[in-house]
Every structure is written in structure tokens, then in C-alpha cells.
Amino acid sequence: MTYLLEVDHLRKHYGSLKAVDDVSFAIRPGICFGLLGPNGAGKTTTIEIIEGITAPTSGEIRYRGKPRDKSFAERCGIQFQATALQDFLTVREVLTLFANFYQHPLAIDELIDWCELGEFSDREANKLSGGQKQRLLLALALINDPEIVFLDEPTTGLDPQSRRHFWDLISAIKARGKTIVLTTHYMDEAELLCDELVIMDHGRIIDQGSPRQLLDKHLPHKRVCIAHPGNGFDASLLVGEVVAGEDELEIITISVEQTLQELMAQRADLSTLRVRNPTLEDLFIKLTGHLLRD
Amino acid sequence: MKQFLAILVARNKEYYRDKGSVAWAFLFPLLVIVACALAFSNPDTSVFRVGLHGDFSTGPASALLDQPYIKTVSFDRLDKALERTQHHQLDLLLSSDGGNRYWINTESSASAAVEQLLLGTTADFVRQEISGRKIRYVDWVIPGVLGMNLMFGALFGVGYVIVRYRHNGVLKRLQATPVTALQFLSAQMVSRLLIVVAVNGLIFAGCALFLDLIVLGNYINLLLITLAGALAMIALGLLIASRTANEELAGGLLNVTTWPMLFMSEVWFSLDDAPAWMQSLSNLMPLTHIVKAFRAVMIEGASLVDVSHHLLWLALMTATSLGLAALLFRWHKK
């Protein structure tokens, strides 16, 4: 298989601190690849090394099978976690400035349309709201029509509506065939957008795969919740671990079908039944023993 | 080139849209000049200043020199004393060197008055004449103010802006593009050069118009000194801003650089009578060379050759600072 980007045994040490500790992964073209982990896990350091902003202590990075050269800056688009722009420039002027840095920039009006900047294209860039600013920074990341786009926690600090809006934009970028590398500490974001991901903690990769593969591998059990007592069935007859809550039972099972058949056989009232699938949050707690936002 | 021009245009827009800074850039030097003009416009005319070259504590003139309305200043060198007489800083000059002689400035009424007082006391002195337009303090200080303005505009304009860019991540964002450090820094240099030359030009024009400034030398020479001085100061600013992302540290470094120059580069007063070590120190400072070159051209009518040693020193400082800045430059904070 040909990979667009390969990262081999990457390390970045600051004195005794191992910010990135022997990280390896490979990214296929056209997918959204996620780096998931809590703050301080080494996600940002990892992608800033790939972007060429930070020098690694050791390790190798190949783009299209070769070490990155000067042309890499023309081929990749970057959105940093926090970026200030020059003062007193309007959105359109900032776009024009950055367009001039590249050999083959996209048309400014096309970008304004694409990232929905039209409403405020003549406003001063440093006076935009959080969501508007992130959309402008995304437009700057796309301005050279890049093959690969790095987005470092692009929705951190945004309100729920702006986040959803941003997710739509990311999906649209993917639909144009671009490869996306996304860091996030939001599970829902990773689950919704990423085709493949690596889970990082303390500078190391804990596991990698698609969200579904990872969940099936580590958390094969589903949780079936149903109101109890007063529901006319005997919980001790059910297969699987049963956890009794205040007014609800939680049945932890490999097979939801089997549990349902057992409940129906006992003529239980199924109107309160819910099936809860494990989330990446659960997976993360299982793998690291702590919460993602700790 | 496209990248360079884009950054240049953006930086210039950023500058002139910052109304507060622009207003201050013009207002500050004008306030200083107006203050100088007001403070020194009415010197005490009840006293005559007499320069002495030689010993006159006894002899025929001593009766006059003891009068309360006479203030005497002693000189070791006749040429310095003559220069002061020519610029109306002395009303009368007495010299015992090669026989008793006295000089008056034929364009000064105070000279004519004190000459009558001398002739009423003794006839032992031979009359000599010198002429020259009055050099007011304001004529002397404006080259200094122009140099000071160049220094502040260049050092803070370049140094502070780059440190702010590094602190808030603008530089990091540029690093992620194909723009090179050379393109970025040269655009900053040229932008600031255009700004300080324009601001200084306007201040100069304003002074020439409203203060009847004495400019004996060539305007092109003044422009060349401005360019050389601005480049030296901008390069020094780049050096100071080459690494740090800490705005307070940068502010401190800039102040530590500018304040000694403000007082030891002859902006406000001459160091002719200062100790030798201070003069040597002063000669290391770029502002000293800017101010002396400006002053030489403006009030002495010096040619480019006369001030070439100043220009050479400024060029040397520019090259050294730029080389070091390029070696030390860092895009983003650690």
C-alpha cells in the first residue's frame, strides 16, 4: 500500500521530558487521520515536527516515500491551535497576503465562499468571533490548495453550534479528496470525522486503528439498561454481569440479541430499554486508567 | 519578490492604520522641538559673553572683564572660540596669542555694543572681524532631535514589532509558509526605512518652515545620512529582537540601548568638555555619528567627504548587527 505520509520512530526530548517518545504511524491518502489524547499527550509536538516547525530529536518522516523537501511547504496546509494575525488587516487582505506566499494559490473569492467568510470579509481579522476566526484560519490552511491539511485542535473553545459548522467544513474538505490530519481531545469529534486514529498519552501511542476497530477490540461488551425492579423478570437468570442502579439495571453483554431474547422470554416490559454502545471516552479510560480531560 | 512585496505592503498598512502610533510618531518630536524653541528663545541679553584665549586676569582689559554684566569663557584653542563667535555664542573674543587682538561678529548688535565698552576701557587691542549667522540653540538641537527620532522610530518600530509577532504566533504562522527569514526580515527593514525617512522628512520640512532653520549643507547629503543612520538603527533593532518572545524583556533591552545614547550622543548638549572616556564611549554609539553628521551638514555646511567617517562607522555597524541577527534569529518561542 502506498502511504502519503509515514512517521518512523519519532522522538522529541526536552531535557528529561519525553514529549514524543518513539511514535510511528502511516497515513493513507484521502482519509481523515486523528491524533487523540489529553492535553500534554504530545499530539501538537508530533504534528509540528511533521509540519517542519519543530526539529525532532530523532526519527524519520517521509512524504510520498521521500524525506520532505522545500516543496512540502507548498503542498501542505496548516492550522495552528492559536494564531494571531497581523493587526489592522481585513479578512480579505489577510487572504491576499497569504495567497502571495504561494506559487499556485486558490482564488480568494472561492475560498471566501468555501469557508463562508462572505459576511465579514471586510472586517478586521483580529476582531472576529471565535468561530469566524477559526474559519479564516482554515481558509489560510487551504489557500495553496494543499494535498494534506493539518488541523491542530480546530474546534477547541468553540460553542456547540460553531463546532458543528466546522465539522461540516472539514467533511467538505475531505470530500474534495484532501488528506486531513486532525488532533483533538474531543471524542465525538474523532468518532465523527476520523477514518483512522492513534490514541496518545504521555508522548506514546497506546493503540491505533479505525474508531470501530478500536472499540470492538477493547470494549466488545455493550450495556443494556432497563428499568428495575417492578418489571416482572428475574435478573439472576440473565447471562452476563448485572449491575444494579437505583431504579435501573445495567446488563453488560457480548451479545445484545441474546440478552433481548432472555428478557423477552421472561416477558419483561421493554419500553424503558436502552442500549449504550461504548464510546471512545470509555475506551480511553480503559486504556489509560484516567479521563481524557484529566 | 512577490512574497517580499506582500509582507511590505501588509506591514505598511498595519503601521498607518494604527492611528495612535502614527500620531505619536509625529507629535513626540514636534513637542520636543516646540519645547526647545520656547525654552531657549529668550536668552538673557543683559549679559555679554566674552571669550578669552590667553590670560587676561591682569592687563588693560581686566577692568572691563570684572564688570558684573560681563561673563567670560576661557578657550585653549582659538579656532573653537572663533567658531562660537561666528555663531553668536560669544559677543566678543579676546586673544593674547600673537599680540592683543579682539574679534567681533559684524552681524551681531551685541558685538557692536560690547566693542564700544572695550574701546572705552583700552585701545591696546587690534580689531579683527568675523561674520556668520546666529546659530540658535534650536538650530543646534534639531539635528539631535532628528537623530533621536530616527533612533526611537527604528529601534522600537522594528524590535518591538518582531518580538510581538513572535510572542503572539504571527511569526510561527509565517514559518509554516514558503516565506524565508530573509524575505520577512528585509520586508520589515524596508517598511521601517520608508516610514522613518518619511516621518523625519516631514519633521524636517516642518522645522525648516516654521523655525527658519539654518541648513548650510546639501539636502541630498542629509537624506544619505538619514538612510545610513536608519539602516544602522533598524539592524540594531533586528539584533535585539532576534530571539526573545518576551515583550517586557525586549522593552527593557530597547530602553537600555536607547537611553545611554539619548544622553551621551550629543543630542541635547555637547560633550566637548566631558572626560575622554565618555567621549570614547560616545563615539561607539551609532546615534553620535548620526547626530554629528547631521549637525556638520546643517550648521557647518559639511560635504559628504567631511562626514564620510561617520557614514563608514554606521555602515560597519549595520553589517555587524545584520550578520549577528541572521545568526541568532529564531521564528518562534521555545
# chains A, B, ... in the order shown; residues from 1 in each chain; ligands from 1
call {"tool": "interface_residues", "arguments": {"of": "chain A", "to": "chain B", "cutoff": "12 Å", "atoms": "only C-alpha atoms", "output": "ChimeraX atom specification"}}
result
/A:14,45,48-55,69-90,92-105,124-126,137,140-144,146,149-150
call {"tool": "residues_around", "arguments": {"residues": "His309 of chain B", "least_positions_apart": "6", "cutoff": "10 Å", "atoms": "only C-alpha atoms", "output": "list in words"}}
result
His289, Ala293 and Ala315 of chain B
call {"tool": "residues_around", "arguments": {"residues": "Lys12 of chain A", "least_positions_apart": "2", "cutoff": "12 Å", "atoms": "only C-alpha atoms", "output": "PyMOL selection string"}}
result
chain A and resi 9-10+14-23+42-50+54-60+202-204
call {"tool": "atom_distance", "arguments": {"atom1": "atom CA of Val297 of chain B", "atom2": "atom CA of Tyr219 of chain B"}}
result
8.7 Å
call {"tool": "residues_around", "arguments": {"residues": "segment 87-97 of chain B", "least_positions_apart": "3", "cutoff": "6 Å", "atoms": "only C-alpha atoms", "output": "ChimeraX atom specification"}}
result
/B:49-54,84,100-104,110-111,134-135
call {"tool": "write_last_selection", "arguments": {"atoms": "all heavy atoms", "output": "CSV table (one decimal), in the first residue's frame"}}
result
chain,number,residue,atom,x,y,z
B,49,ARG,N,28.8,87.9,26.6
B,49,ARG,CA,29.7,86.8,26.8
B,49,ARG,C,31.0,87.1,26.0
B,49,ARG,O,30.9,87.4,24.8
B,49,ARG,CB,29.0,85.5,26.2
B,49,ARG,CG,27.9,85.0,27.2
B,49,ARG,CD,26.9,84.2,26.4
B,49,ARG,NE,26.3,85.0,25.4
B,49,ARG,CZ,25.4,84.5,24.5
B,49,ARG,NH1,25.1,83.2,24.5
B,49,ARG,NH2,24.9,85.3,23.6
B,50,VAL,N,32.0,87.0,26.8
B,50,VAL,CA,33.3,87.3,26.2
B,50,VAL,C,34.2,86.1,26.3
B,50,VAL,O,34.4,85.5,27.3
B,50,VAL,CB,34.0,88.5,26.9
B,50,VAL,CG1,35.4,88.8,26.3
B,50,VAL,CG2,33.2,89.7,26.8
B,51,GLY,N,34.8,85.7,25.1
B,51,GLY,CA,35.7,84.5,25.1
B,51,GLY,C,37.1,85.0,25.3
B,51,GLY,O,37.5,86.1,24.8
B,52,LEU,N,37.9,84.2,26.1
B,52,LEU,CA,39.2,84.6,26.4
B,52,LEU,C,40.2,83.5,25.9
B,52,LEU,O,40.0,82.3,26.3
B,52,LEU,CB,39.4,84.7,27.9
B,52,LEU,CG,38.5,85.7,28.6
B,52,LEU,CD1,38.8,85.7,30.1
B,52,LEU,CD2,38.7,87.1,28.0
B,53,HIS,N,41.1,83.9,25.0
B,53,HIS,CA,42.1,82.9,24.6
B,53,HIS,C,43.5,83.5,25.1
B,53,HIS,O,44.0,84.4,24.5
B,53,HIS,CB,42.1,82.9,23.0
B,53,HIS,CG,43.1,81.9,22.5
B,53,HIS,ND1,44.1,82.4,21.6
B,53,HIS,CD2,43.3,80.6,22.6
B,53,HIS,CE1,44.9,81.4,21.3
B,53,HIS,NE2,44.4,80.3,21.8
B,54,GLY,N,43.9,83.0,26.2
B,54,GLY,CA,45.1,83.5,26.9
B,54,GLY,C,44.8,84.0,28.2
B,54,GLY,O,43.6,83.9,28.7
B,84,ARG,N,32.6,79.8,17.9
B,84,ARG,CA,31.5,80.3,18.8
B,84,ARG,C,31.1,81.7,18.5
B,84,ARG,O,30.0,82.1,18.6
B,84,ARG,CB,31.9,80.1,20.3
B,84,ARG,CG,32.2,78.8,20.7
B,84,ARG,CD,31.0,78.0,21.3
B,84,ARG,NE,31.3,76.7,21.5
B,84,ARG,CZ,31.5,76.1,22.8
B,84,ARG,NH1,31.4,76.9,23.8
B,84,ARG,NH2,31.8,74.9,22.9
B,100,ASN,N,47.9,91.4,21.3
B,100,ASN,CA,46.5,91.5,21.7
B,100,ASN,C,45.6,91.8,20.6
B,100,ASN,O,45.7,92.8,19.9
B,100,ASN,CB,46.4,92.7,22.8
B,100,ASN,CG,46.8,92.2,24.2
B,100,ASN,OD1,47.0,91.0,24.4
B,100,ASN,ND2,47.1,93.1,25.1
B,101,ARG,N,44.6,90.9,20.4
B,101,ARG,CA,43.6,91.1,19.3
B,101,ARG,C,42.2,90.9,19.9
B,101,ARG,O,42.1,90.2,20.9
B,101,ARG,CB,43.9,90.1,18.2
B,101,ARG,CG,45.1,90.4,17.4
B,101,ARG,CD,45.3,89.3,16.3
B,101,ARG,NE,45.6,88.0,16.9
B,101,ARG,CZ,45.6,86.9,16.1
B,101,ARG,NH1,45.4,86.9,14.8
B,101,ARG,NH2,45.9,85.7,16.7
B,102,TYR,N,41.2,91.5,19.2
B,102,TYR,CA,39.8,91.2,19.6
B,102,TYR,C,39.0,91.0,18.3
B,102,TYR,O,39.3,91.5,17.3
B,102,TYR,CB,39.2,92.3,20.5
B,102,TYR,CG,38.8,93.6,19.8
B,102,TYR,CD1,37.5,93.7,19.2
B,102,TYR,CD2,39.7,94.6,19.6
B,102,TYR,CE1,37.2,94.9,18.6
B,102,TYR,CE2,39.4,95.8,19.0
B,102,TYR,CZ,38.1,95.9,18.5
B,102,TYR,OH,37.7,97.1,17.8
B,103,TRP,N,38.1,90.0,18.4
B,103,TRP,CA,37.2,89.7,17.3
B,103,TRP,C,35.8,90.2,17.7
B,103,TRP,O,35.3,90.0,18.8
B,103,TRP,CB,37.1,88.3,17.0
B,103,TRP,CG,38.3,87.7,16.2
B,103,TRP,CD1,38.3,87.5,14.8
B,103,TRP,CD2,39.6,87.3,16.6
B,103,TRP,NE1,39.5,87.0,14.4
B,103,TRP,CE2,40.3,86.9,15.5
B,103,TRP,CE3,40.2,87.3,17.9
B,103,TRP,CZ2,41.6,86.4,15.6
B,103,TRP,CZ3,41.5,86.9,18.0
B,103,TRP,CH2,42.2,86.4,16.8
B,104,ILE,N,35.1,90.7,16.7
B,104,ILE,CA,33.6,90.9,16.8
B,104,ILE,C,32.9,90.3,15.6
B,104,ILE,O,33.5,90.1,14.6
B,104,ILE,CB,33.2,92.4,16.9
B,104,ILE,CG1,33.7,93.1,15.7
B,104,ILE,CG2,33.7,93.0,18.2
B,104,ILE,CD1,32.9,94.3,15.4
B,110,ALA,N,25.0,92.9,19.6
B,110,ALA,CA,25.6,92.8,20.9
B,110,ALA,C,27.1,92.9,20.8
B,110,ALA,O,27.8,93.5,21.6
B,110,ALA,CB,25.3,91.4,21.5
B,111,SER,N,27.7,92.4,19.7
B,111,SER,CA,29.1,92.5,19.4
B,111,SER,C,29.5,94.0,19.3
B,111,SER,O,30.5,94.5,19.9
B,111,SER,CB,29.5,91.9,18.1
B,111,SER,OG,30.0,90.6,18.3
B,134,LYS,N,23.5,83.9,13.2
B,134,LYS,CA,23.4,83.4,14.6
B,134,LYS,C,22.9,81.9,14.6
B,134,LYS,O,21.9,81.6,13.9
B,134,LYS,CB,22.4,84.3,15.3
B,134,LYS,CG,22.2,83.9,16.7
B,134,LYS,CD,21.4,84.9,17.5
B,134,LYS,CE,21.3,84.4,18.9
B,134,LYS,NZ,20.6,85.5,19.8
B,135,ILE,N,23.7,81.1,15.3
B,135,ILE,CA,23.2,79.7,15.4
B,135,ILE,C,22.5,79.6,16.8
B,135,ILE,O,23.2,79.7,17.8
B,135,ILE,CB,24.4,78.7,15.4
B,135,ILE,CG1,25.2,78.8,14.2
B,135,ILE,CG2,23.9,77.3,15.7
B,135,ILE,CD1,24.7,78.2,13.0
call {"tool": "select_by_dssp", "arguments": {"residues": "segment 40-233 of chain A", "states": "strand (DSSP E)", "output": "number ranges by chain"}}
result
A: 58-63, 66-67, 76-79, 148-152, 179-184, 196-201, 204-209, 222-227
call {"tool": "residues_around", "arguments": {"residues": "Met233 of chain B", "least_positions_apart": "4", "cutoff": "12 Å", "atoms": "only C-alpha atoms", "output": "JSON, numbers by chain"}}
result
{"B": [147, 148, 149, 150, 151, 152, 153, 154, 155, 156, 157, 158, 159, 189, 192, 193, 196, 226, 227, 228, 229, 237, 238, 239, 240, 254, 257, 258, 261, 285, 286, 287, 288, 289, 290, 314, 315, 316, 317, 318, 319, 320, 321, 322]}
call {"tool": "select_by_dssp", "arguments": {"residues": "segment 13-206 of chain B", "states": "alpha helix (DSSP H)", "output": "number ranges by chain"}}
result
B: 13-17, 19-39, 62-65, 78-86, 109-121, 137-168, 170-175, 181-206
call {"tool": "residues_around", "arguments": {"residues": "Val91 of chain A", "least_positions_apart": "5", "cutoff": "8 Å", "atoms": "only C-alpha atoms", "output": "ChimeraX atom specification"}}
result
/A:120-125,136
call {"tool": "write_last_selection", "arguments": {"atoms": "N, CA and C atoms", "output": "PDB file, in the first residue's frame"}}
result
ATOM      1  N   PHE A 120     -18.259  38.664   6.579  1.00  0.00           N
ATOM      2  CA  PHE A 120     -17.342  39.531   7.322  1.00  0.00           C
ATOM      3  C   PHE A 120     -15.998  39.698   6.607  1.00  0.00           C
ATOM      4  N   SER A 121     -16.017  39.585   5.285  1.00  0.00           N
ATOM      5  CA  SER A 121     -14.739  39.615   4.554  1.00  0.00           C
ATOM      6  C   SER A 121     -14.060  40.983   4.621  1.00  0.00           C
ATOM      7  N   ASP A 122     -14.823  42.043   4.939  1.00  0.00           N
ATOM      8  CA  ASP A 122     -14.191  43.366   5.029  1.00  0.00           C
ATOM      9  C   ASP A 122     -13.984  43.805   6.476  1.00  0.00           C
ATOM     10  N   ARG A 123     -14.194  42.883   7.393  1.00  0.00           N
ATOM     11  CA  ARG A 123     -13.977  43.231   8.796  1.00  0.00           C
ATOM     12  C   ARG A 123     -12.522  42.942   9.179  1.00  0.00           C
ATOM     13  N   GLU A 124     -12.057  43.629  10.224  1.00  0.00           N
ATOM     14  CA  GLU A 124     -10.686  43.421  10.672  1.00  0.00           C
ATOM     15  C   GLU A 124     -10.533  42.000  11.228  1.00  0.00           C
ATOM     16  N   ALA A 125      -9.485  41.309  10.771  1.00  0.00           N
ATOM     17  CA  ALA A 125      -9.360  39.878  11.073  1.00  0.00           C
ATOM     18  C   ALA A 125      -9.203  39.607  12.567  1.00  0.00           C
ATOM     19  N   LEU A 136     -11.501  31.507   9.209  1.00  0.00           N
ATOM     20  CA  LEU A 136     -10.481  32.244   8.446  1.00  0.00           C
ATOM     21  C   LEU A 136      -9.153  31.483   8.484  1.00  0.00           C
TER      22      LEU A 136
END
call {"tool": "closest_residue", "arguments": {"among": "A:Cys115, A:Gly30, A:Glu191, A:Ala175", "to": "Gly209 of chain A", "atoms": "only C-alpha atoms"}}
result
A:Glu191
call {"tool": "residues_around", "arguments": {"residues": "Met264 of chain A", "least_positions_apart": "4", "cutoff": "12 Å", "atoms": "only C-alpha atoms", "output": "list in words"}}
result
Asn231, Gly232, Phe233, Asp234, Leu238, Glu257, Gln258, Thr259, Leu260, Ala268, Asp269, Leu270, Ser271 and Leu273 of chain A
call {"tool": "closest_residue", "arguments": {"among": "B:Val47, B:Ile234, B:Val215, B:Met298", "to": "Leu185 of chain B", "atoms": "only C-alpha atoms"}}
result
B:Ile234
call {"tool": "atom_distance", "arguments": {"atom1": "atom CA of Leu118 of chain B", "atom2": "atom CA of Ala63 of chain B"}}
result
9.6 Å
